[in-house]
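Chemist: The structure is given below, and queries will be raised subsequently.
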Amino acid sequence: MTDEPGTLRKLAGSGMMVLLLQAAPVALAAAAECPPITVAENRGIEGAFPQQFEKAEFEEAAGCELTFGENPAIAELNRRIAGNPEPLPPVAERLPEEPLVVAPYQSIGRYGGTLVGLSKATEAGTSDLLSIRHVNLFRYSDDLKTVVPNVAKSWSWNDDYTELTVKLRKGHKWSDGQPFTAEDIRFWYEDLILNPEIYPETPSRWLFAGEPMQVEVVDPQTVKLIFPVPTPGIVNRFAVDFGQPFQPKHFFEKMHIKYNPKANELAEERGFENWAALVNNYYGGSDWKDVPSPLLKGTDSRVVPTLESHILVEETATGRKLVANPYFFMVDTTGNQLPYIDEIEEQYVADKEVQNLKLTNGEVTYKMQAVFIEDFPVLKENEANGGYRVDLAPGLGENVFYAFNTTHEDPVLRGIFNDLRFREAMSLAINREEIEELVYLGQAEPMQATPAEPLTVTFVTDEQLGYMTDYDPRRADTLLDEMGLEDSDGDGVRERPDGKPLVVRLVYSNQGAPVKLHELVRDYWGAVGVRVDLKEVTSDEYRASANNNDLDVTVWKNDGTSGPTISQDVSRLVPPFGDYFNPGTGFAWAVWKRSGGEEGIEPPVEVKKLWDLAEEFIQLPLGSPESDRVGAEIVQIHVENLWKIGTVGNILGPVYHRNDLENFEPFAAKTFDYYWAYPFRPVQWYLSE
Amino acid sequence: MLRFLIQRAVGMVVTMFFVSIMVFVIMELPPGDYADRYAFRKFSGTGVSVTESDIESIRKRFGLDRPAWERYLTWIGGIVTRFDFGPSFAFETSANAVIGQRAGLTVVLLLGTLLLTYLLSIPIGIYAALHRQSPADYGLTVVSYLGLAIPNFMLALILLYLGVRYFGTTVGGLFSPEYTQAPWSWGKFADLLRHLLVPAVVLAWSATALQLQTVRATMSDELAKLYVDAARARGLPEWKVILKYPARLAINPVVSTIGFDVNRIFSELPIVALVMSLPELGELLIKSFLDLDMYVAGAILLMLTAIIVFMNFVSDVVLALLDPRIRLEGG
Amino acid sequence: MSTEPPGRPGHGEEALRYYTASQWQLVWWRLRRHRAAMAGAFVLLLFALMGLFADFVAPYGGTTRDRDYIYGPPQIPRFRDGNGFSFRPFVHALKTERDPVTLRKIARIDTGKRRYIYFFVKGEPYRLFGLVPARTRLFGVREGKIHLFGTDDLGRDLFSRLMYATGVSLSIGVLGVLLAGGLALVIGGIAGYFGGWIDYGIQRFTEIVRVVPVIPLYMGLAAAFPREWSNIQVYFAMTVILGLVGWPTLARRLRGHLLAQRNEDYVLAARLSGASSAWIIRKHMLPSFTSYIIVDVVISFPYVILSETALSFIGLGLRPPTMSWGILLQDAQNVRAIEQAPWLFLPALFVIVAVLAFTVLGDGLRDAADPYSVRKR
């Protein structure tokens with residue numbers, strides 16, 4: 001109504017009353033408080049992205065003006081954050097000019113309360129709780145298909161996906177009140193990731209075709225990431241990754257040799273070996289947010305400022321405490337600054353049964369990671385007792401696979417394992433329905449292992465998922481007979497070509513798959529004449545053996561295969577079909593490639609094709625027809641060759657939350673691949689009385 | 001007496017020296033070292049392809065590649081001169097910091113268990129000796145042996161479960177959430193006792209069994225002796241007859257085995273603490289062993305053993321005080 | 001006025017038998033009267049038979065799965081039901097089904113269908129003592145399976161597994177204790193007899209080993225097992241280590257006893273008669289402390305068994321698919337078992353009974369082994 005004054009003047013006189021009546025509602029609406037829009041009751045108001053708005057977008061759609069409110073306890077919480085300025089500025093000054101407006105699921109929340117969570121130890125089993133306060137440039141919406149803005153306000157690509165322009169929010173501040181700008185992104189990449197004293201070897205995932213990207217600061221709110229090759233998948237990575245691509249430059253400036261030539265002296269004064277050690281006292285040499293902080297080490301009372309919803313204020317060997325970030329950049333639809341929840345309390349409990357006791361006793365507010373299907377009956381039965389709910393959500397990347405070592409050092413075994421008939425026989429010998437029933441309480445589906453998680457992409461066919469998954473021990477016997485592996489001495493075990501009994505050493509880690517699964521598989525393969533010796537070792541021993549090419553067969557979970565992940569990280573698609581910490585198989589093939597053919601074993605033609613296809617795949621945007629075509633081809637090669645023999649997939653897993661946790665929507669998936677709770681907006685959870 | 005004390009003290013030091021060597025050997029036994037684990041912590045999920053040489057350089061950085069004897073000397077030197085037990089790889093701080101937080105709890109648990117054990121076994125043992133072969137005697141014997149026979153990890157879990165289900169105790173750790181950070185008060189103290197109860201009961205039960213039998217046997221032996229009859233004939237009241245000499249003597253073997261008891265308690269404590277998620281040394285020991293955080297494991301082993309050796313010393317001294325014969329013979 | 005100490009027979013036929021009986025006969029007679037000890041011995045014999053003939057006693061192999069009866073409660077044989085009385089014991093047919101909401105397995109009993117129990121049936125083939133092929137099992141049913149102690153979450157029969165586990169746990173106990181006893185005899189004997197420097201050195205070493213808490217010590221050693229070793233090899237190594245850790249106590253006691261005996265009159269007499277040291281040790285001193293050895297050996301059994309249980313529980317001892325009491329108890333060590341499958345705690349009952357039996361037997365032996373002591377009445 002831009003010509004309002006003119007209209008009023010024009011119609012001064014008898015029509016005034018009518019006009020006033022007409023104008024009044026508009027004026028009222030213009031000065032009106034914003035309606036409490038929620039996802040449940042959205043009154044038809046929606047933005048470009050689901051469940052959230054930019055401030056201007058929202059005000060226009062709802063026809064209102066946002067006035068900001070804050071947590072009454074925020075001043076006191078702020079006092080607990082070491083190094084934060086006092087007195088606390090008013091909320092309007094703490095928020096960015098353009099905060100993100102979040103529509104809560106059910107209702108506008110109330111402030112207060114402590115969320116209690118469990119991890120195993122300082123750096124073990126923590127990612128679930130990390131995810132509830134996590135932020136990144138982008139986020140996946142809870143449909144796990146749409147990428148939405150988070151810290152970033154918007155983004156755009158150039159034509160060939162080599163330049164990503166990201167727009168940040170004006171007035172966005174770190175948790176200590178200092179401005180957050182594009183400079184912090186550049187600092188993170190150039191002065192930490194690329195700095196050889198912080199990272200002696202640059203993490204290969206931040207190199208693109210072996211080269212670093214360029215970070216160009218166009219203005220404080222605009223940053224350009226320039227890639228040497230098309231990298232459309234990087235947006236997906238920022239939406240699911242634990243690593244936040246920004247660090248507070250103002251905090252690290254004095255400690256960093258590039259900005260302070262006296263940094264080494266400063267470090268020594270503070271008792272550190274050199275400037276890098278001083279920086280790592282806070283940064284911890286890693287993008288993970290659960291590294292021991294100065295609070296635990298006793299070296300400082302301040303921690304690194306953050307953009308997350310909560311910030312660390314206490315840390316001991318038995319747990320951590322965090323309080324709400326007074327400068328957090330999100331508000332709800334009535335303008336209240338998020339988060340609602342005052343405190344997060346993280347306790348370390350290593351023993352699973354103590355954890356179960358705490359859960360059934362209702363002592364924990366939320367937990368998803370490390371809650372297993374086998375405990376579901378007990379958890380479910382005690383729901384009324386403990387005042388909580390436990391639901392099942394499909395897990396991604398949980399399909400346990402068995403991968404025979406195709407590059408085994410023993411030439412006889414290598415010959416056997418490389419014969420496709422053997423792998424097919426072993427796949428057919430597995431009774432997947434029984435596994436589903438006995439190990440996963442019937443909450444899974446027989447499924448072959450595919451390098452792309454079927455629920456997250458569109459190019460995996462049911463045929464591929466069902467390939468060789470029938471329980472057909474007779475056919476397995478036939479295949480093995482065809483191979484010439486006979487049981488000549490009638491002891492139930494076939495002999496190898498060199499006369500020795502065919503024995504497979506199945507070494508497994510106590511943290512990988514359930515032990516029962518291995519016992520069942522041992523029985524299945526034993527039934528077709530392949531004897532299996534089981535041996536349990538710790539995860540570290542397991543990894544070391546695997547990477548040393550010492551194992552007969554690798555067993556692990558088929559994770560890291562979700563769409564967003566493989567669109568920017570192809571480690572699962574090519575040898576060694578995993579990485580150092582999640583072993584796959586074909587290690588000697590990987591060595592051959594890495595050494596340019598000097599070492600290792602030359603892989604067969606299909607494998608060589610995979611490298612080319614993977615490179616193509618990663619340069620195409622996920623979901624596009626070309627990407628689907630290449631993806632389908634990759635999956636077909638994998639499935640036909642059965643390098644990884646899968647068991648069951650789409651395994652349901654328990655998600656636990658206490659009844660006093662409101663605005664909690666059941667999760668569409670339980671997985672690390674989308675970073676646990678991050679897509680499901682824990683920032684708008686609140687605790688009722 | 002002084003000569004006796006000095007002798008014993010020197011013996012203590014010598015023993016500890018040999019123990020330190022043994023502990024170091026144990027620290028060295030497991031294959032592999034923290035370098036692998038460190039690499040995992042730092043690089044997992046980052047897509048870095050870690051090679052053997054990377055791990056080698058990590059090893060060098062931590063000084064894990066030096067020959068064994070050199071590492072031993074560095075280690076033991078640090079402890080003796082600076083009381084510095086070395087770095088904790090897992091927690092990225094010094095072992096001292098990590099252990100310090102838990103040592104207090106371990107000592108509290110130990111003392112609580114010992115107290116409970118002696119409070120129970122001595123009176124009950126005396127009673128049983130006085131009423132030999134009675135139903136009460138058999139009953140008490142069976143009950144005490146049950147403590148010995150029931151695997152204590154199972155007992156710990158069951159008692160914990162009962163506590164949570166029927167008595168409303170909160171699980172894990174020493175204090176309920178309200179009291180963890182609160183300053184000391186009677187309420188906090190009572191809360192501590194409530195939480196200490198289950199682990200102390202689990203540990204004390206088996207220790208009580210042995211001590212009870214010892215007290216009972218010694219008492220019976222003494223009661224059968226002539227001097228008791230003589231005292232009775234002289235007209236001493238019955239309770240004096242029992243307590244003045246036989247009871248005192250019956251306590252002897254108990255005192256002499258304090259060190260042994262402490263040893264047993266420290267052996268069982270790790271498992272119980274693991275099951276109950278108590279943040280004390282034994283549980284940390286298991287964790288650091290599995291983690292190959294060797295300096296922490298070694299430090300804990302040393303400390304536990306030192307306590308045991310010290311308790312042996314204490315029991316020798318107390319015994320000498322009680323029984324002049326030992327003093328004079330020089331042990 | 002009899003000058004004989006109480007408890008001895010007076011004169012006559014009985015007295016003659018008493019005074020001419022060998023040492024072992026005396027021990028046996030005294031032991032026989034100790035009722036509790038006899039009960040203990042009987043129980044242990046039963047366990048030993050169970051373990052030795054596990055293949056025969058157990059209706060199924062230790063890894064056989066019953067898909068129809070998962071996490072199912074024990075089936076008690078009965079002689080009568082709604083349909084009347086039967087001389088042959090039977091159980092009712094049952095299945096377990098999954099509750100759709102809680103996903104818990106619920107047992108459904110079909111009271112109309114009886115499964116009769118037959119004895120000496122033909123079951124799964126096995127090799128008696130690993131050598132003789134056989135198929136006869138003590139009992140079984142014709143249709144379906146019988147689970148006296150219920151099943152675990154893979155549907156494996158707990159009774160069968162317990163039989164096998166008994167064998168394994170007891171044999172570890174025997175091996176460990178024999179090793180401990182053997183080592184103790186050798187080392188303690190040497191120390192005690194020769195005295196001097198050897199004695200001193202061994203004493204110090206004993207003390208040092210004794211002072212370190214067992215579980216941490218064991219952990220350090222166990223972590224050193226090479227990864228190529230199979231379960232059986234780990235099993236044997238474990239018994240050796242348990243034995244090694246146990247010997248100092250016994251050795252110390254033997255040494256003390258030997259040192260004392262060295263100065264006894266009868267040794268002096270023998271030496272004066274010209275007997276050699278070896279003869280003296282063998283013929284005179286050994287018998288005097290054999291009883292100590294036996295008693296100690298029996299008393300150490302519980303310790304070895306409990307250690308194996310605890311260590312297998314932490315994961316440092318035996319691992320599945322081997323079966324031992326400790327391993328079976330791992331299945332019970334969770335809230336789920338407490339609330340939904342308490343029968344999984346039955347192995348604990350076996351452990352407790354075995355330990356009690358050994359302890360009582362040891363007590364009785366100790367009382368009985370010294371035939372010249374005053375009988376405590």
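Ordered as shown in the structure tokens, chains take letters A, B, and onward, while each chain numbers its residues from 1 and ligands are numbered from 1 in the order shown.
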Per DSSP on the backbone, what are the alpha helix (DSSP H) residues of stretch 66-144 of chain B, as a count of residues only?
Modeler: 61
Chemist: Got a sec: who's within 9 Å of B:Thr305, counting only C-alpha atoms, leaving out chain neighbours fewer than 2 positions off, as a ChimeraX atom specification?
Modeler: /B:16,19,263,300-303,307-310 /C:211-213
Chemist: For C-alpha atoms, I'd like the residues from the last selection saved as a short mmCIF file (atom, residue, chain, number, x, y, z; two decimals), in the first residue's frame.
Modeler:
```
data_model
loop_
_atom_site.label_atom_id
_atom_site.label_comp_id
_atom_site.auth_asym_id
_atom_site.auth_seq_id
_atom_site.Cartn_x
_atom_site.Cartn_y
_atom_site.Cartn_z
CA MET B 16 58.26 -51.54 44.47
CA VAL B 19 57.18 -54.28 40.67
CA ASN B 263 44.80 -57.15 46.52
CA ILE B 300 47.30 -47.20 37.68
CA LEU B 301 48.94 -50.58 38.07
CA LEU B 302 51.81 -48.97 39.91
CA MET B 303 49.51 -47.03 42.18
CA ILE B 307 48.76 -49.25 47.93
CA ILE B 308 48.85 -52.99 48.39
CA VAL B 309 52.50 -53.01 49.35
CA PHE B 310 51.86 -50.17 51.73
CA VAL C 211 51.36 -58.22 45.09
CA VAL C 212 50.11 -57.19 41.67
CA PRO C 213 46.33 -57.45 41.41
#
```
Chemist: Excluding B:Thr15 and its own-chain neighbours fewer than 5 positions away, which residues fall within 10 Å of it when counting only C-alpha atoms? Please give them as a PDB file with C-alpha atoms, in the first residue's frame.
Modeler:
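As written to disk, part.pdb reads:
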```pdb
ATOM      1  CA  ALA B   9      60.423 -49.893  54.809  1.00  0.00           C
ATOM      2  CA  VAL B  10      63.485 -50.842  52.846  1.00  0.00           C
ATOM      3  CA  SER B  20      57.843 -51.273  38.501  1.00  0.00           C
ATOM      4  CA  THR B 305      50.333 -52.137  43.742  1.00  0.00           C
ATOM      5  CA  ALA B 306      51.877 -49.400  45.820  1.00  0.00           C
ATOM      6  CA  VAL B 309      52.499 -53.009  49.350  1.00  0.00           C
TER       7      VAL B 309
ATOM      8  CA  ARG C 204      61.077 -62.199  46.805  1.00  0.00           C
ATOM      9  CA  PHE C 205      59.859 -63.108  43.369  1.00  0.00           C
ATOM     10  CA  GLU C 207      56.000 -61.672  46.775  1.00  0.00           C
ATOM     11  CA  ILE C 208      56.268 -59.488  43.734  1.00  0.00           C
ATOM     12  CA  VAL C 211      51.360 -58.224  45.091  1.00  0.00           C
TER      13      VAL C 211
END
```
Chemist: Near stretch 124-132 of chain C, within 10 Å and counting only C-alpha atoms, which residues show up once chain neighbours fewer than 3 positions away are dropped, as a compact mmCIF listing (two decimals) with N, CA and C atoms, in the first residue's frame?
Modeler:
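Final output, part23.txt:
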```
# COMPACT_ATOMS: atom_id res chain seq x y z
N LEU C 52 32.00 -84.74 31.19
CA LEU C 52 32.70 -85.77 30.44
C LEU C 52 31.81 -86.37 29.37
N PHE C 53 30.58 -86.61 29.73
CA PHE C 53 29.66 -87.25 28.79
C PHE C 53 28.67 -86.27 28.22
N ALA C 54 29.11 -85.03 28.09
CA ALA C 54 28.20 -83.98 27.64
C ALA C 54 27.46 -84.37 26.37
N ASP C 55 28.19 -84.92 25.43
CA ASP C 55 27.54 -85.28 24.16
C ASP C 55 26.39 -86.23 24.38
N PHE C 56 26.54 -87.11 25.36
CA PHE C 56 25.50 -88.11 25.59
C PHE C 56 24.32 -87.50 26.36
N PRO C 59 20.74 -83.29 24.81
CA PRO C 59 19.92 -83.78 23.70
C PRO C 59 20.38 -83.23 22.35
N TYR C 60 21.06 -82.08 22.36
CA TYR C 60 21.45 -81.51 21.07
C TYR C 60 22.87 -81.00 21.14
N GLY C 61 23.43 -80.66 19.98
CA GLY C 61 24.75 -80.05 19.97
C GLY C 61 24.67 -78.64 20.52
N THR C 64 23.13 -76.10 17.84
CA THR C 64 21.90 -76.40 17.11
C THR C 64 20.84 -75.37 17.43
N VAL C 121 17.68 -92.13 23.02
CA VAL C 121 17.21 -91.95 21.65
C VAL C 121 18.37 -91.71 20.72
N ARG C 135 25.60 -92.03 18.32
CA ARG C 135 24.43 -91.21 18.07
C ARG C 135 23.45 -91.23 19.23
N THR C 136 23.70 -92.08 20.22
CA THR C 136 22.71 -92.21 21.28
C THR C 136 22.77 -91.06 22.24
N ARG C 137 21.63 -90.52 22.56
CA ARG C 137 21.56 -89.43 23.53
C ARG C 137 20.69 -89.89 24.69
```
Chemist: With the cut-off set at 8 Å and counting only C-alpha atoms, tabulate each residue of chain B with an atom at most that distance from an atom of chain C, showing the nearest atom pair and its distance in Å to one decimal, ordered by chain and increasing number, as JSON lines.
Modeler:
```
{"residue": "B:Thr15", "atom": "CA", "partner": "C:Ile208", "partner_atom": "CA", "distance": 6.4}
{"residue": "B:Phe18", "atom": "CA", "partner": "C:Ile208", "partner_atom": "CA", "distance": 7.1}
{"residue": "B:Val19", "atom": "CA", "partner": "C:Ile208", "partner_atom": "CA", "distance": 6.1}
{"residue": "B:Ile26", "atom": "CA", "partner": "C:Gly220", "partner_atom": "CA", "distance": 5.3}
{"residue": "B:Met27", "atom": "CA", "partner": "C:Gly220", "partner_atom": "CA", "distance": 6.8}
{"residue": "B:Leu29", "atom": "CA", "partner": "C:Ala224", "partner_atom": "CA", "distance": 5.3}
{"residue": "B:Pro30", "atom": "CA", "partner": "C:Ala224", "partner_atom": "CA", "distance": 4.2}
{"residue": "B:Pro31", "atom": "CA", "partner": "C:Ala224", "partner_atom": "CA", "distance": 6.1}
{"residue": "B:Tyr145", "atom": "CA", "partner": "C:Leu356", "partner_atom": "CA", "distance": 6.7}
{"residue": "B:Leu146", "atom": "CA", "partner": "C:Ile352", "partner_atom": "CA", "distance": 6.9}
{"residue": "B:Leu148", "atom": "CA", "partner": "C:Val355", "partner_atom": "CA", "distance": 8.0}
{"residue": "B:Ala149", "atom": "CA", "partner": "C:Ile352", "partner_atom": "CA", "distance": 4.7}
{"residue": "B:Ile150", "atom": "CA", "partner": "C:Ile352", "partner_atom": "CA", "distance": 5.6}
{"residue": "B:Pro151", "atom": "CA", "partner": "C:Leu306", "partner_atom": "CA", "distance": 6.6}
{"residue": "B:Phe153", "atom": "CA", "partner": "C:Ala310", "partner_atom": "CA", "distance": 7.5}
{"residue": "B:Met154", "atom": "CA", "partner": "C:Gln333", "partner_atom": "CA", "distance": 6.5}
{"residue": "B:Leu157", "atom": "CA", "partner": "C:Gln333", "partner_atom": "CA", "distance": 7.3}
{"residue": "B:Ile158", "atom": "CA", "partner": "C:Ile338", "partner_atom": "CA", "distance": 7.8}
{"residue": "B:Tyr161", "atom": "CA", "partner": "C:Val335", "partner_atom": "CA", "distance": 7.6}
{"residue": "B:Phe260", "atom": "CA", "partner": "C:Val211", "partner_atom": "CA", "distance": 8.0}
{"residue": "B:Asn263", "atom": "CA", "partner": "C:Pro213", "partner_atom": "CA", "distance": 5.3}
{"residue": "B:Arg264", "atom": "CA", "partner": "C:Pro213", "partner_atom": "CA", "distance": 6.8}
{"residue": "B:Phe266", "atom": "CA", "partner": "C:Pro213", "partner_atom": "CA", "distance": 6.0}
{"residue": "B:Ser267", "atom": "CA", "partner": "C:Pro213", "partner_atom": "CA", "distance": 5.0}
{"residue": "B:Glu268", "atom": "CA", "partner": "C:Ile215", "partner_atom": "CA", "distance": 7.3}
{"residue": "B:Ile271", "atom": "CA", "partner": "C:Ile314", "partner_atom": "CA", "distance": 7.5}
{"residue": "B:Leu285", "atom": "CA", "partner": "C:Pro216", "partner_atom": "CA", "distance": 7.4}
{"residue": "B:Ile286", "atom": "CA", "partner": "C:Pro216", "partner_atom": "CA", "distance": 7.4}
{"residue": "B:Phe289", "atom": "CA", "partner": "C:Gly220", "partner_atom": "CA", "distance": 7.3}
{"residue": "B:Leu301", "atom": "CA", "partner": "C:Pro216", "partner_atom": "CA", "distance": 7.3}
{"residue": "B:Leu304", "atom": "CA", "partner": "C:Pro213", "partner_atom": "CA", "distance": 7.7}
{"residue": "B:Thr305", "atom": "CA", "partner": "C:Val212", "partner_atom": "CA", "distance": 5.5}
{"residue": "B:Ile308", "atom": "CA", "partner": "C:Val211", "partner_atom": "CA", "distance": 6.7}
{"residue": "B:Val309", "atom": "CA", "partner": "C:Val211", "partner_atom": "CA", "distance": 6.8}
```
Chemist: Residues of chain A near chain B: apply a cut-off of 8 Å, count only C-alpha atoms, and supply the list as an mmCIF file with C-alpha atoms, in the first residue's frame.
Modeler:
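Okay, this is what ended up in result.cif:
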```cif
data_model
loop_
_atom_site.group_PDB
_atom_site.id
_atom_site.type_symbol
_atom_site.label_atom_id
_atom_site.label_comp_id
_atom_site.auth_asym_id
_atom_site.auth_seq_id
_atom_site.Cartn_x
_atom_site.Cartn_y
_atom_site.Cartn_z
ATOM 1 C CA THR A 122 34.877 -37.897 25.451
ATOM 2 C CA GLU A 201 48.887 -33.912 5.234
ATOM 3 C CA THR A 202 45.883 -32.104 3.871
ATOM 4 C CA PRO A 203 42.788 -34.279 4.295
ATOM 5 C CA SER A 204 42.173 -35.668 0.835
ATOM 6 C CA ARG A 205 38.463 -34.935 1.050
ATOM 7 C CA GLY A 285 43.732 -30.617 15.128
ATOM 8 C CA SER A 286 40.365 -31.717 13.798
ATOM 9 C CA PRO A 292 39.085 -32.470 24.406
ATOM 10 C CA LYS A 297 42.921 -30.200 29.733
ATOM 11 C CA ALA A 317 36.285 -36.987 32.459
ATOM 12 C CA THR A 318 32.726 -37.973 33.292
ATOM 13 C CA VAL A 349 28.317 -44.234 30.185
ATOM 14 C CA ALA A 350 30.454 -46.947 28.684
ATOM 15 C CA ASP A 351 28.459 -49.980 29.706
ATOM 16 C CA GLU A 353 23.463 -52.295 30.388
ATOM 17 C CA VAL A 354 23.908 -49.271 32.603
ATOM 18 C CA LEU A 357 18.940 -49.078 32.969
ATOM 19 C CA LYS A 358 19.156 -45.325 32.648
ATOM 20 C CA ASN A 361 14.403 -45.429 34.234
ATOM 21 C CA GLU A 363 16.861 -40.581 33.219
ATOM 22 C CA THR A 538 39.364 -55.228 18.973
ATOM 23 C CA ASP A 540 41.980 -51.355 16.143
ATOM 24 C CA ALA A 544 45.298 -52.797 11.215
ATOM 25 C CA ASP A 579 38.755 -46.307 3.618
ATOM 26 C CA TYR A 580 41.402 -46.895 6.235
ATOM 27 C CA PHE A 581 38.902 -46.866 9.041
#
```
Chemist: Report the closest atom pair, with its distance in Å rounded to one decimal, for each residue of chain A that has an atom no farther than 9 Å from chain C; count only C-alpha atoms, sort by chain and then rising residue number, and write it as a tab-separated table.
Modeler:
```
residue	atom	partner	partner_atom	distance
A:Lys352	CA	C:Asn334	CA	8.2
A:Glu353	CA	C:Asn334	CA	5.5
A:Val354	CA	C:Val335	CA	8.6
A:Asn356	CA	C:Val335	CA	6.9
A:Leu357	CA	C:Val335	CA	7.1
A:Glu374	CA	C:Arg336	CA	8.4
A:Asp375	CA	C:Arg336	CA	6.5
A:Phe376	CA	C:Thr102	CA	7.0
A:Pro377	CA	C:Thr102	CA	4.8
A:Val378	CA	C:Arg336	CA	5.7
A:Leu379	CA	C:Thr102	CA	8.4
A:Lys380	CA	C:Thr102	CA	5.6
A:Glu381	CA	C:Thr102	CA	6.6
A:Glu434	CA	C:Arg67	CA	8.3
A:Leu438	CA	C:Leu154	CA	6.0
A:Val439	CA	C:Leu154	CA	7.8
A:Leu441	CA	C:Leu103	CA	6.7
A:Gly442	CA	C:Leu103	CA	8.4
A:Val515	CA	C:Pro320	CA	8.6
A:Lys516	CA	C:Leu154	CA	7.5
A:Glu519	CA	C:Pro321	CA	7.5
A:Leu520	CA	C:Leu154	CA	8.9
A:Asp523	CA	C:Thr63	CA	8.7
A:Asp533	CA	C:Ser230	CA	7.9
A:Leu534	CA	C:Pro321	CA	7.6
A:Lys535	CA	C:Ser230	CA	7.2
A:Glu536	CA	C:Arg319	CA	7.4
A:Val537	CA	C:Arg227	CA	7.8
A:Glu541	CA	C:Arg227	CA	8.6
```
Chemist: Calculate how many Å separate atom CA of A:Glu253 from atom CA of A:Glu315, rounding to one decimal.
Modeler: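 Value for the atom CA of A:Glu253-atom CA of A:Glu315 distance: 25.0 Å.
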Chemist: Looking only at strand (DSSP E or B) from DSSP on the backbone, list the matching residues of stretch 8-137 of chain C as a VMD selection string.
Modeler: chain C and resid 65 78 to 81 84 to 98 105 to 128 132 to 137
Chemist: With C-alpha atoms retained, write the just-selected residues as a short mmCIF file (atom, residue, chain, number, x, y, z; two decimals), in the first residue's frame.
Modeler:
```cif
data_model
loop_
_atom_site.label_atom_id
_atom_site.label_comp_id
_atom_site.auth_asym_id
_atom_site.auth_seq_id
_atom_site.Cartn_x
_atom_site.Cartn_y
_atom_site.Cartn_z
CA ARG C 65 19.18 -73.85 16.62
CA ARG C 78 5.18 -83.48 33.65
CA PHE C 79 3.25 -86.61 34.19
CA ARG C 80 -0.28 -85.38 33.97
CA ASP C 81 -2.27 -82.71 32.32
CA GLY C 84 -4.97 -87.49 32.21
CA PHE C 85 -1.98 -89.25 33.66
CA SER C 86 0.96 -90.76 31.82
CA PHE C 87 3.82 -92.91 33.03
CA ARG C 88 6.05 -91.52 30.42
CA PRO C 89 6.97 -87.91 31.12
CA PHE C 90 6.11 -85.40 28.46
CA VAL C 91 6.11 -81.72 27.67
CA HIS C 92 3.58 -79.71 25.77
CA ALA C 93 4.37 -78.60 22.29
CA LEU C 94 5.10 -74.93 22.04
CA LYS C 95 6.21 -72.20 19.74
CA THR C 96 7.42 -68.71 20.27
CA GLU C 97 5.83 -65.89 18.37
CA ARG C 98 6.74 -62.30 18.13
CA LYS C 105 9.05 -63.43 21.75
CA ILE C 106 6.07 -64.91 23.54
CA ALA C 107 5.73 -68.63 24.11
CA ARG C 108 2.48 -70.22 23.04
CA ILE C 109 1.76 -73.54 24.64
CA ASP C 110 -0.42 -76.04 22.90
CA THR C 111 -1.85 -77.96 25.83
CA GLY C 112 -3.55 -80.35 23.52
CA LYS C 113 -0.38 -81.67 22.03
CA ARG C 114 1.96 -83.85 24.04
CA ARG C 115 5.54 -84.59 23.20
CA TYR C 116 6.65 -87.68 25.02
CA ILE C 117 10.16 -87.97 26.35
CA TYR C 118 12.04 -91.06 25.32
CA PHE C 119 15.31 -92.27 26.71
CA PHE C 120 18.40 -93.43 24.87
CA VAL C 121 17.21 -91.95 21.65
CA LYS C 122 19.04 -91.51 18.44
CA GLY C 123 20.06 -87.91 18.14
CA GLU C 124 22.63 -85.85 16.33
CA PRO C 125 25.84 -87.73 15.72
CA TYR C 126 28.87 -86.97 17.83
CA ARG C 127 32.20 -88.44 18.82
CA LEU C 128 32.53 -89.68 22.37
CA VAL C 132 34.20 -92.90 19.12
CA PRO C 133 31.38 -92.03 16.76
CA ALA C 134 27.97 -92.44 18.35
CA ARG C 135 24.43 -91.21 18.07
CA THR C 136 22.71 -92.21 21.28
CA ARG C 137 21.56 -89.43 23.53
#
```
